[in-house]
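*Asks:* Handing you a structure now.
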Amino acid sequence: GGDKQSDLMAKRKTVIEKKYNVEFKYTVIPVDEIGQRLITEVMSGGSLGDLVNMRHYYAFPNYAAKNYLLPISDYIDLENQGYREDDLKLATYDGSIYGIPANDMAQAAQIGYLMYINKKYFPDTMSQIYDMFENKTWTWDAVVDLAKKQTKTGTDGNVSVYGLSMLNDYAAAEVLVASYGGTYMEYVNGEAKSTLTSPSVTNAIDFVRKVVFDDKVSPSKTEGEFEAFKTGKYAMYLGSYYEANELKEQMEDDFGIMPVPLGGDNTEYVNFIRERHFKVVSATANKERMKKVLKIYAEYCAPFENEEDLLTSEIEAYTCDEESVEVLRELNKSYVVPEYYNFNLDYWNIVVVQGVQKVLNGSVTSMAAMKAIEDSWQAAISK
């Protein structure tokens, strides 16, 4: 699927370069350096490039609010270029759109975390599992019930097969919180407010701890999750969409794909993506030049007539059965990204992550841990 898209984009690039007598040139900059480099260039009156590839949580709303970026929607009608609505919404600040999705194809698949199923452990129940997706009964409780039946202990007393891959870290807990319909902060009347002590957060973190220490269907320490799933150590594995490509090569048709299960009272499956990349324009860029550049780039990214077929082709390249294709097509309709990455990432990594990990390690309750850091977290996101 990806090869077809790449070939089409390469051909289109050649046509456009000839049509407008231009050449696409790329400068590679480490992703963690781009933000500061852009600020430095803007402050000195320069420009890092016509279009700068940047993580969403640096650009929106921070850089847009600080006038480091040009509002792209002032120069081109982005809402009629075939871009995804959730992408345009994410790149919007104060009524203007400040970014173009960095993937060249306007409607490229955007899928985050998934639950992979090792079919050899469910030879007679895969159809029932796929029915759970359709019926919205694919919940974390249902997954734990399945995991209990597949968790095996060897004669040496050690677990030989876990029903679930490791959930006992902040990264997995973050996905769990999203599946419960929660997040660590939200905007209320334009102001960032902590939600660390909300039920969707504390219940999700408590559930992770329960799965590990009470149900004992998931390990408390890493087992090298992805490799362990491929070798049969786990019956189910929480992983990313792009890992499916390697699974397809090594496990052939022995795995199925389901969404991240429904948590708590949530009734809609969550397609959780940690970050999106956008092409932005420096505030100091030449505006007349940018009108031309954006027009050319929009033509380069415009949807193909067979865009839907290309999307299906991409998804099919990652899957082994029709049911998994339908799961991915449904998830691809929309996504959620964490807004809290927009703020003090050092604080997030040091304080919030450690607070979550204390709960998962069993040293404190989730409510106690979240209350202990909520005031300082609120102060960090209020800056």
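To be explicit about the labels: the chains of the structure tokens are called A, B, and onward in the order shown, and within each one the residues are counted from 1, while ligands get numbers from 1 in the order they are shown.
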Could you name the residues that touch Glu41 of chain A at 10 Å or less, counting only C-alpha atoms, but leaving out those on the same chain fewer than 5 positions away, as a PyMOL selection string?

*Replies:* chain A and resi 36+46-49+68+282-284

*Asks:* Create the file for the chosen residues now, containing C-alpha atoms and written as a compact mmCIF listing (two decimals), in the first residue's frame.

*Replies:*
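Resulting contents of part13.txt:
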```txt
# COMPACT_ATOMS: atom_id res chain seq x y z
CA GLN A 36 14.53 26.26 19.10
CA GLY A 46 15.49 34.93 9.21
CA SER A 47 13.57 31.85 8.14
CA LEU A 48 14.41 28.18 8.66
CA GLY A 49 12.83 27.19 5.35
CA TYR A 68 6.42 32.68 15.77
CA SER A 282 7.95 31.03 10.13
CA ALA A 283 6.42 34.41 10.99
CA THR A 284 9.33 36.12 9.21
```

*Asks:* With a distance cut-off of 8 Å and only C-alpha atoms, select the neighbouring residues of Ser200 of chain A, excluding the residue or stretch itself and same-chain residues fewer than 4 positions from it, and output the selection as an MDAnalysis selection string.

*Replies:* chainID A and resid 177 180:183 204 264

*Asks:* Have a look at A:Ala172, A:Ala317, A:Ile373, A:Ala380 and name the one nearest to Glu249 of chain A; count only C-alpha atoms.

*Replies:*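 Among the listed residues, the smallest separation from Glu249 of chain A belongs to A:Ala317.
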
*Asks:* Taking only C-alpha atoms into account, produce a table as CSV in which each residue of segment 149-190 of chain A with an atom at most 10 Å from an atom of segment 121-135 of chain A appears once, together with its shortest atom pair and the distance in Å to one decimal, ordered by chain and rising number.

*Replies:*
```
residue,atom,partner,partner_atom,distance
A:Lys149,CA,A:Tyr121,CA,9.5
A:Gln150,CA,A:Tyr121,CA,7.0
A:Gly163,CA,A:Tyr121,CA,9.3
```

*Asks:* Could you give me, as a list in words, the residues within 10 Å of Ala244 of chain A, counting only C-alpha atoms and dropping anything in the same chain fewer than 6 positions from it?

*Replies:* Leu114, Tyr116, Gln250, Met251, Phe255, Gly256, Ile257, Ile315, Ala317, Tyr318, Thr319 and Cys320 of chain A

*Asks:* Taking only residues of segment 74-173 of chain A that have an atom at most 10 Å from an atom of segment 51-66 of chain A, what is each one's shortest atom pair and its distance in Å to one decimal, using only C-alpha atoms, in chain and number order, as a Markdown table?

*Replies:*
```
| residue | atom | partner | partner_atom | distance |
| --- | --- | --- | --- | --- |
| A:Asp87 | CA | A:His56 | CA | 9.8 |
| A:Leu90 | CA | A:Phe60 | CA | 7.4 |
| A:Ala91 | CA | A:Phe60 | CA | 6.1 |
| A:Thr92 | CA | A:Phe60 | CA | 7.4 |
| A:Tyr93 | CA | A:Pro61 | CA | 6.0 |
| A:Asp94 | CA | A:Ala65 | CA | 8.3 |
| A:Ser96 | CA | A:Ala64 | CA | 9.4 |
| A:Ile97 | CA | A:Ala64 | CA | 9.3 |
| A:Tyr98 | CA | A:Ala64 | CA | 6.9 |
| A:Gly99 | CA | A:Ala59 | CA | 8.2 |
| A:Ile100 | CA | A:Leu51 | CA | 9.2 |
| A:Pro101 | CA | A:Asn53 | CA | 8.9 |
| A:Ala102 | CA | A:Asn53 | CA | 6.4 |
| A:Asn103 | CA | A:Asn53 | CA | 9.8 |
```

*Asks:* Identify, on the basis of only C-alpha atoms, every residue whose closest approach to Gly232 of chain A does not exceed 9 Å; exclude the query and any residue fewer than 4 positions from it along the same chain; express the result as a list in words.

*Replies:*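 In the requested form, the answer reads Asn118, Lys120, Tyr121, Val161, Glu227 and Ala228 of chain A.
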
*Asks:* If you run DSSP on this backbone, which residues of segment 21-61 of chain A come out as helix (DSSP H, G or I), and could you give them as a PyMOL selection string?

*Replies:* chain A and resi 31-44+56-61

*Asks:* Write out the residues from the selection above, keeping N, CA, C and O atoms, as an mmCIF file, in the first residue's frame.

*Replies:*
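Below is the file part.cif, written as the result:
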```cif
data_model
loop_
_atom_site.group_PDB
_atom_site.id
_atom_site.type_symbol
_atom_site.label_atom_id
_atom_site.label_comp_id
_atom_site.auth_asym_id
_atom_site.auth_seq_id
_atom_site.Cartn_x
_atom_site.Cartn_y
_atom_site.Cartn_z
ATOM 1 N N VAL A 31 14.777 16.343 15.129
ATOM 2 C CA VAL A 31 13.426 16.801 15.457
ATOM 3 C C VAL A 31 13.374 17.591 16.755
ATOM 4 O O VAL A 31 12.587 18.538 16.891
ATOM 5 N N ASP A 32 14.218 17.246 17.730
ATOM 6 C CA ASP A 32 14.196 17.956 19.009
ATOM 7 C C ASP A 32 14.854 19.329 18.944
ATOM 8 O O ASP A 32 14.765 20.107 19.889
ATOM 9 N N GLU A 33 15.522 19.619 17.827
ATOM 10 C CA GLU A 33 16.188 20.911 17.684
ATOM 11 C C GLU A 33 15.382 21.900 16.858
ATOM 12 O O GLU A 33 15.667 23.100 16.854
ATOM 13 N N ILE A 34 14.376 21.405 16.158
ATOM 14 C CA ILE A 34 13.664 22.258 15.199
ATOM 15 C C ILE A 34 13.000 23.451 15.872
ATOM 16 O O ILE A 34 13.077 24.585 15.381
ATOM 17 N N GLY A 35 12.346 23.218 17.008
ATOM 18 C CA GLY A 35 11.628 24.300 17.672
ATOM 19 C C GLY A 35 12.524 25.471 18.025
ATOM 20 O O GLY A 35 12.225 26.629 17.694
ATOM 21 N N GLN A 36 13.629 25.184 18.695
ATOM 22 C CA GLN A 36 14.534 26.263 19.097
ATOM 23 C C GLN A 36 15.185 26.918 17.887
ATOM 24 O O GLN A 36 15.393 28.135 17.865
ATOM 25 N N ARG A 37 15.487 26.121 16.858
ATOM 26 C CA ARG A 37 16.067 26.698 15.650
ATOM 27 C C ARG A 37 15.095 27.670 14.991
ATOM 28 O O ARG A 37 15.491 28.737 14.508
ATOM 29 N N LEU A 38 13.819 27.304 14.971
ATOM 30 C CA LEU A 38 12.820 28.189 14.361
ATOM 31 C C LEU A 38 12.722 29.494 15.142
ATOM 32 O O LEU A 38 12.683 30.587 14.556
ATOM 33 N N ILE A 39 12.686 29.397 16.481
ATOM 34 C CA ILE A 39 12.600 30.604 17.306
ATOM 35 C C ILE A 39 13.803 31.509 17.058
ATOM 36 O O ILE A 39 13.667 32.734 16.895
ATOM 37 N N THR A 40 14.990 30.916 17.027
ATOM 38 C CA THR A 40 16.213 31.692 16.800
ATOM 39 C C THR A 40 16.166 32.421 15.473
ATOM 40 O O THR A 40 16.519 33.616 15.379
ATOM 41 N N GLU A 41 15.703 31.731 14.427
ATOM 42 C CA GLU A 41 15.619 32.351 13.113
ATOM 43 C C GLU A 41 14.601 33.484 13.102
ATOM 44 O O GLU A 41 14.839 34.553 12.517
ATOM 45 N N VAL A 42 13.451 33.255 13.725
ATOM 46 C CA VAL A 42 12.415 34.294 13.753
ATOM 47 C C VAL A 42 12.900 35.525 14.508
ATOM 48 O O VAL A 42 12.702 36.664 14.069
ATOM 49 N N MET A 43 13.555 35.301 15.641
ATOM 50 C CA MET A 43 14.036 36.429 16.447
ATOM 51 C C MET A 43 15.101 37.238 15.713
ATOM 52 O O MET A 43 15.263 38.443 15.942
ATOM 53 N N SER A 44 15.828 36.582 14.809
ATOM 54 C CA SER A 44 16.872 37.286 14.065
ATOM 55 C C SER A 44 16.372 37.813 12.725
ATOM 56 O O SER A 44 17.132 38.425 11.964
ATOM 57 N N HIS A 56 3.214 18.661 16.690
ATOM 58 C CA HIS A 56 2.050 19.512 16.941
ATOM 59 C C HIS A 56 2.118 20.220 18.285
ATOM 60 O O HIS A 56 1.672 21.356 18.422
ATOM 61 N N TYR A 57 2.666 19.555 19.311
ATOM 62 C CA TYR A 57 2.591 20.151 20.639
ATOM 63 C C TYR A 57 3.585 21.284 20.851
ATOM 64 O O TYR A 57 3.476 22.018 21.826
ATOM 65 N N TYR A 58 4.549 21.446 19.958
ATOM 66 C CA TYR A 58 5.368 22.654 19.987
ATOM 67 C C TYR A 58 4.653 23.796 19.277
ATOM 68 O O TYR A 58 4.627 24.929 19.748
ATOM 69 N N ALA A 59 4.064 23.470 18.140
ATOM 70 C CA ALA A 59 3.504 24.506 17.278
ATOM 71 C C ALA A 59 2.191 25.090 17.787
ATOM 72 O O ALA A 59 1.997 26.313 17.776
ATOM 73 N N PHE A 60 1.286 24.216 18.241
ATOM 74 C CA PHE A 60 -0.071 24.667 18.566
ATOM 75 C C PHE A 60 -0.421 24.328 20.019
ATOM 76 O O PHE A 60 -0.351 23.155 20.396
ATOM 77 N N PRO A 61 -0.822 25.272 20.835
ATOM 78 C CA PRO A 61 -0.972 26.688 20.481
ATOM 79 C C PRO A 61 0.268 27.534 20.753
ATOM 80 O O PRO A 61 0.292 28.726 20.448
#
```

*Asks:* Which residues are near segment 362-372 of chain A? Cut-off 6 Å, only C-alpha atoms, ignore same chain within fewer than 3 positions. Put them as an MDAnalysis selection string.

*Replies:* chainID A and resid 196:197 202 355 358:359

*Asks:* For the selection just defined, write its residues with N, CA, C and O atoms to a file, as a tab-separated table (two decimals), in the first residue's frame.

*Replies:*
```
chain	number	residue	atom	x	y	z
A	196	LEU	N	-6.03	15.61	36.76
A	196	LEU	CA	-5.32	14.46	37.31
A	196	LEU	C	-6.16	13.65	38.29
A	196	LEU	O	-5.99	12.44	38.40
A	197	THR	N	-7.05	14.32	39.02
A	197	THR	CA	-7.84	13.61	40.03
A	197	THR	C	-9.23	13.24	39.54
A	197	THR	O	-10.07	12.81	40.32
A	202	THR	N	-7.90	8.43	37.54
A	202	THR	CA	-7.56	7.57	38.68
A	202	THR	C	-8.07	6.14	38.49
A	202	THR	O	-7.39	5.18	38.85
A	355	GLY	N	4.72	10.26	39.27
A	355	GLY	CA	3.53	10.10	40.10
A	355	GLY	C	2.71	8.89	39.67
A	355	GLY	O	2.25	8.10	40.50
A	358	LYS	N	4.51	5.61	40.63
A	358	LYS	CA	4.41	5.25	42.04
A	358	LYS	C	3.15	4.41	42.30
A	358	LYS	O	3.17	3.46	43.07
A	359	VAL	N	2.07	4.76	41.63
A	359	VAL	CA	0.83	4.00	41.78
A	359	VAL	C	1.02	2.60	41.20
A	359	VAL	O	0.67	1.59	41.82
```

*Asks:* Hey, which bits of segment 228-267 of chain A sit within 12 Å of segment 210-218 of chain A, and for each residue what's the closest pair of atoms and how far apart in Å (one decimal), counting only C-alpha atoms, rows by chain and increasing number, as a tab-separated table?

*Replies:*
```
residue	atom	partner	partner_atom	distance
A:Lys233	CA	A:Ser218	CA	10.7
A:Tyr234	CA	A:Ser218	CA	8.7
A:Ala235	CA	A:Val217	CA	10.0
A:Met236	CA	A:Ser218	CA	9.8
A:Tyr237	CA	A:Ser218	CA	10.0
A:Leu238	CA	A:Ser218	CA	11.1
```

*Asks:* DSSP on the backbone: which residues in segment 54-173 of chain A end up as strand (DSSP E or B)? Give the answer as a CSV table (one decimal) with N, CA, C and O atoms, in the first residue's frame.

*Replies:*
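Wrote part.csv, looks like this:
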```
chain,number,residue,atom,x,y,z
A,54,MET,N,7.2,20.1,12.1
A,54,MET,CA,7.3,20.3,13.5
A,54,MET,C,6.2,19.5,14.2
A,54,MET,O,5.1,19.3,13.7
A,55,ARG,N,6.5,19.0,15.4
A,55,ARG,CA,5.6,18.3,16.3
A,55,ARG,C,4.4,19.2,16.7
A,55,ARG,O,4.7,20.4,17.0
A,69,LEU,N,4.7,32.0,14.2
A,69,LEU,CA,4.2,31.3,12.9
A,69,LEU,C,3.3,32.2,12.2
A,69,LEU,O,2.6,33.1,12.8
A,92,THR,N,-5.5,24.6,14.5
A,92,THR,CA,-6.2,25.9,14.6
A,92,THR,C,-5.9,26.6,15.9
A,92,THR,O,-6.0,26.0,17.0
A,93,TYR,N,-5.6,27.9,15.8
A,93,TYR,CA,-5.5,28.7,17.0
A,93,TYR,C,-6.1,30.0,16.7
A,93,TYR,O,-5.9,30.7,15.7
A,96,SER,N,-7.6,30.7,13.2
A,96,SER,CA,-6.8,30.6,12.0
A,96,SER,C,-6.0,29.2,12.1
A,96,SER,O,-5.8,28.7,13.2
A,97,ILE,N,-5.7,28.7,10.9
A,97,ILE,CA,-5.0,27.4,10.8
A,97,ILE,C,-3.6,27.7,10.5
A,97,ILE,O,-3.2,28.4,9.6
A,100,ILE,N,0.0,22.5,8.1
A,100,ILE,CA,-0.5,21.6,7.1
A,100,ILE,C,0.1,20.2,7.5
A,100,ILE,O,1.2,20.1,7.9
A,101,PRO,N,-0.8,19.2,7.5
A,101,PRO,CA,-0.3,17.8,7.9
A,101,PRO,C,1.0,17.5,7.2
A,101,PRO,O,1.1,17.7,6.0
A,113,TYR,N,-2.6,3.5,18.7
A,113,TYR,CA,-2.4,2.2,19.4
A,113,TYR,C,-3.5,1.2,19.1
A,113,TYR,O,-4.6,1.6,18.9
A,114,LEU,N,-3.1,-0.1,19.2
A,114,LEU,CA,-4.0,-1.2,18.9
A,114,LEU,C,-3.8,-2.3,19.9
A,114,LEU,O,-2.8,-2.3,20.6
A,115,MET,N,-4.7,-3.2,19.9
A,115,MET,CA,-4.5,-4.5,20.7
A,115,MET,C,-4.3,-5.6,19.6
A,115,MET,O,-5.2,-5.9,18.8
A,116,TYR,N,-3.1,-6.2,19.6
A,116,TYR,CA,-2.8,-7.3,18.7
A,116,TYR,C,-3.2,-8.6,19.4
A,116,TYR,O,-2.9,-8.8,20.6
A,117,ILE,N,-3.8,-9.5,18.7
A,117,ILE,CA,-4.2,-10.8,19.2
A,117,ILE,C,-3.4,-11.9,18.5
A,117,ILE,O,-3.3,-12.0,17.3
A,118,ASN,N,-2.8,-12.8,19.3
A,118,ASN,CA,-2.1,-13.9,18.8
A,118,ASN,C,-3.2,-15.0,18.6
A,118,ASN,O,-3.7,-15.6,19.5
A,139,THR,N,-14.3,-4.4,25.9
A,139,THR,CA,-14.0,-3.6,27.1
A,139,THR,C,-12.7,-4.2,27.7
A,139,THR,O,-12.3,-5.3,27.5
A,152,LYS,N,-0.5,-18.7,31.6
A,152,LYS,CA,-0.1,-20.1,31.9
A,152,LYS,C,1.2,-20.0,32.8
A,152,LYS,O,2.1,-19.2,32.6
A,153,THR,N,1.2,-20.9,33.8
A,153,THR,CA,2.4,-21.0,34.7
A,153,THR,C,3.0,-22.4,34.4
A,153,THR,O,2.4,-23.4,34.4
A,159,VAL,N,5.7,-17.8,35.1
A,159,VAL,CA,4.6,-17.6,34.1
A,159,VAL,C,5.3,-17.8,32.7
A,159,VAL,O,6.3,-17.2,32.3
A,160,SER,N,4.7,-18.8,31.9
A,160,SER,CA,5.3,-19.0,30.6
A,160,SER,C,4.6,-18.2,29.5
A,160,SER,O,5.2,-17.9,28.5
A,161,VAL,N,3.3,-17.9,29.8
A,161,VAL,CA,2.5,-17.1,28.8
A,161,VAL,C,1.7,-16.1,29.6
A,161,VAL,O,0.9,-16.6,30.6
A,162,TYR,N,1.8,-14.9,29.3
A,162,TYR,CA,0.9,-13.9,29.9
A,162,TYR,C,-0.3,-13.6,29.0
A,162,TYR,O,-0.1,-13.5,27.7
A,163,GLY,N,-1.5,-13.3,29.5
A,163,GLY,CA,-2.6,-13.0,28.7
A,163,GLY,C,-2.4,-11.6,28.0
A,163,GLY,O,-2.9,-11.4,26.9
A,164,LEU,N,-1.7,-10.7,28.7
A,164,LEU,CA,-1.6,-9.4,28.2
A,164,LEU,C,-0.1,-8.9,28.3
A,164,LEU,O,0.6,-9.3,29.3
```

*Asks:* Counting only C-alpha atoms, what is within 9 Å of Gly82 of chain A, bar same-chain residues fewer than 2 positions away, as JSON, numbers by chain?

*Replies:* {"A": [78, 79, 80, 84, 85, 106, 107, 301, 302, 303]}

*Asks:* Could you please take those selected residues and save N, CA, C and O atoms as a PDB file, in the first residue's frame?

*Replies:*
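So the final result, stored in result_26.pdb, reads:
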```
ATOM      1  N   LEU A  78      -7.454  26.130   3.199  1.00  0.00           N
ATOM      2  CA  LEU A  78      -7.097  24.772   3.585  1.00  0.00           C
ATOM      3  C   LEU A  78      -8.307  23.871   3.764  1.00  0.00           C
ATOM      4  O   LEU A  78      -8.205  22.651   3.662  1.00  0.00           O
ATOM      5  N   GLU A  79      -9.454  24.444   4.022  1.00  0.00           N
ATOM      6  CA  GLU A  79     -10.639  23.638   4.302  1.00  0.00           C
ATOM      7  C   GLU A  79     -11.211  22.989   3.051  1.00  0.00           C
ATOM      8  O   GLU A  79     -12.087  22.147   3.142  1.00  0.00           O
ATOM      9  N   ASN A  80     -10.734  23.358   1.888  1.00  0.00           N
ATOM     10  CA  ASN A  80     -11.208  22.750   0.648  1.00  0.00           C
ATOM     11  C   ASN A  80     -10.079  22.058  -0.113  1.00  0.00           C
ATOM     12  O   ASN A  80     -10.108  21.971  -1.329  1.00  0.00           O
ATOM     13  N   ARG A  84      -7.863  16.181   6.480  1.00  0.00           N
ATOM     14  CA  ARG A  84      -8.713  15.635   7.535  1.00  0.00           C
ATOM     15  C   ARG A  84      -9.184  16.752   8.461  1.00  0.00           C
ATOM     16  O   ARG A  84      -8.417  17.659   8.806  1.00  0.00           O
ATOM     17  N   GLU A  85     -10.426  16.668   8.907  1.00  0.00           N
ATOM     18  CA  GLU A  85     -10.966  17.681   9.806  1.00  0.00           C
ATOM     19  C   GLU A  85     -10.225  17.705  11.135  1.00  0.00           C
ATOM     20  O   GLU A  85     -10.008  18.779  11.711  1.00  0.00           O
ATOM     21  N   ALA A 106      -2.956  13.989   1.621  1.00  0.00           N
ATOM     22  CA  ALA A 106      -3.889  14.687   2.502  1.00  0.00           C
ATOM     23  C   ALA A 106      -4.671  13.742   3.400  1.00  0.00           C
ATOM     24  O   ALA A 106      -5.008  14.071   4.529  1.00  0.00           O
ATOM     25  N   GLN A 107      -4.988  12.561   2.899  1.00  0.00           N
ATOM     26  CA  GLN A 107      -5.838  11.639   3.651  1.00  0.00           C
ATOM     27  C   GLN A 107      -5.100  10.359   4.057  1.00  0.00           C
ATOM     28  O   GLN A 107      -5.689   9.290   4.144  1.00  0.00           O
ATOM     29  N   CYS A 301      -0.146  17.877  -2.534  1.00  0.00           N
ATOM     30  CA  CYS A 301      -0.793  17.015  -1.528  1.00  0.00           C
ATOM     31  C   CYS A 301      -2.242  16.688  -1.839  1.00  0.00           C
ATOM     32  O   CYS A 301      -2.881  15.962  -1.075  1.00  0.00           O
ATOM     33  N   ALA A 302      -2.794  17.231  -2.890  1.00  0.00           N
ATOM     34  CA  ALA A 302      -4.225  17.073  -3.174  1.00  0.00           C
ATOM     35  C   ALA A 302      -4.612  15.600  -3.251  1.00  0.00           C
ATOM     36  O   ALA A 302      -3.830  14.760  -3.707  1.00  0.00           O
ATOM     37  N   PRO A 303      -5.804  15.269  -2.778  1.00  0.00           N
ATOM     38  CA  PRO A 303      -6.255  13.871  -2.816  1.00  0.00           C
ATOM     39  C   PRO A 303      -6.293  13.323  -4.241  1.00  0.00           C
ATOM     40  O   PRO A 303      -6.613  14.039  -5.193  1.00  0.00           O
TER      41      PRO A 303
END
```

*Asks:* List the neighbours of segment 10-25 of chain A out to 9 Å using only C-alpha atoms; skip same-chain residues closer than 5 positions along the sequence, and give me the result as a PyMOL selection string.

*Replies:* chain A and resi 5+296+299-300

*Asks:* A:Lys119, A:Lys291, A:Arg329, A:Lys230: which is nearest Asp309 of chain A, counting only C-alpha atoms?

*Replies:* A:Arg329

*Asks:* Have a look at atom CA of Leu88 of chain A and atom CA of Ile72 of chain A and let me know their distance in Å, one decimal.

*Replies:*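 These two atoms are separated by 11.0 Å.
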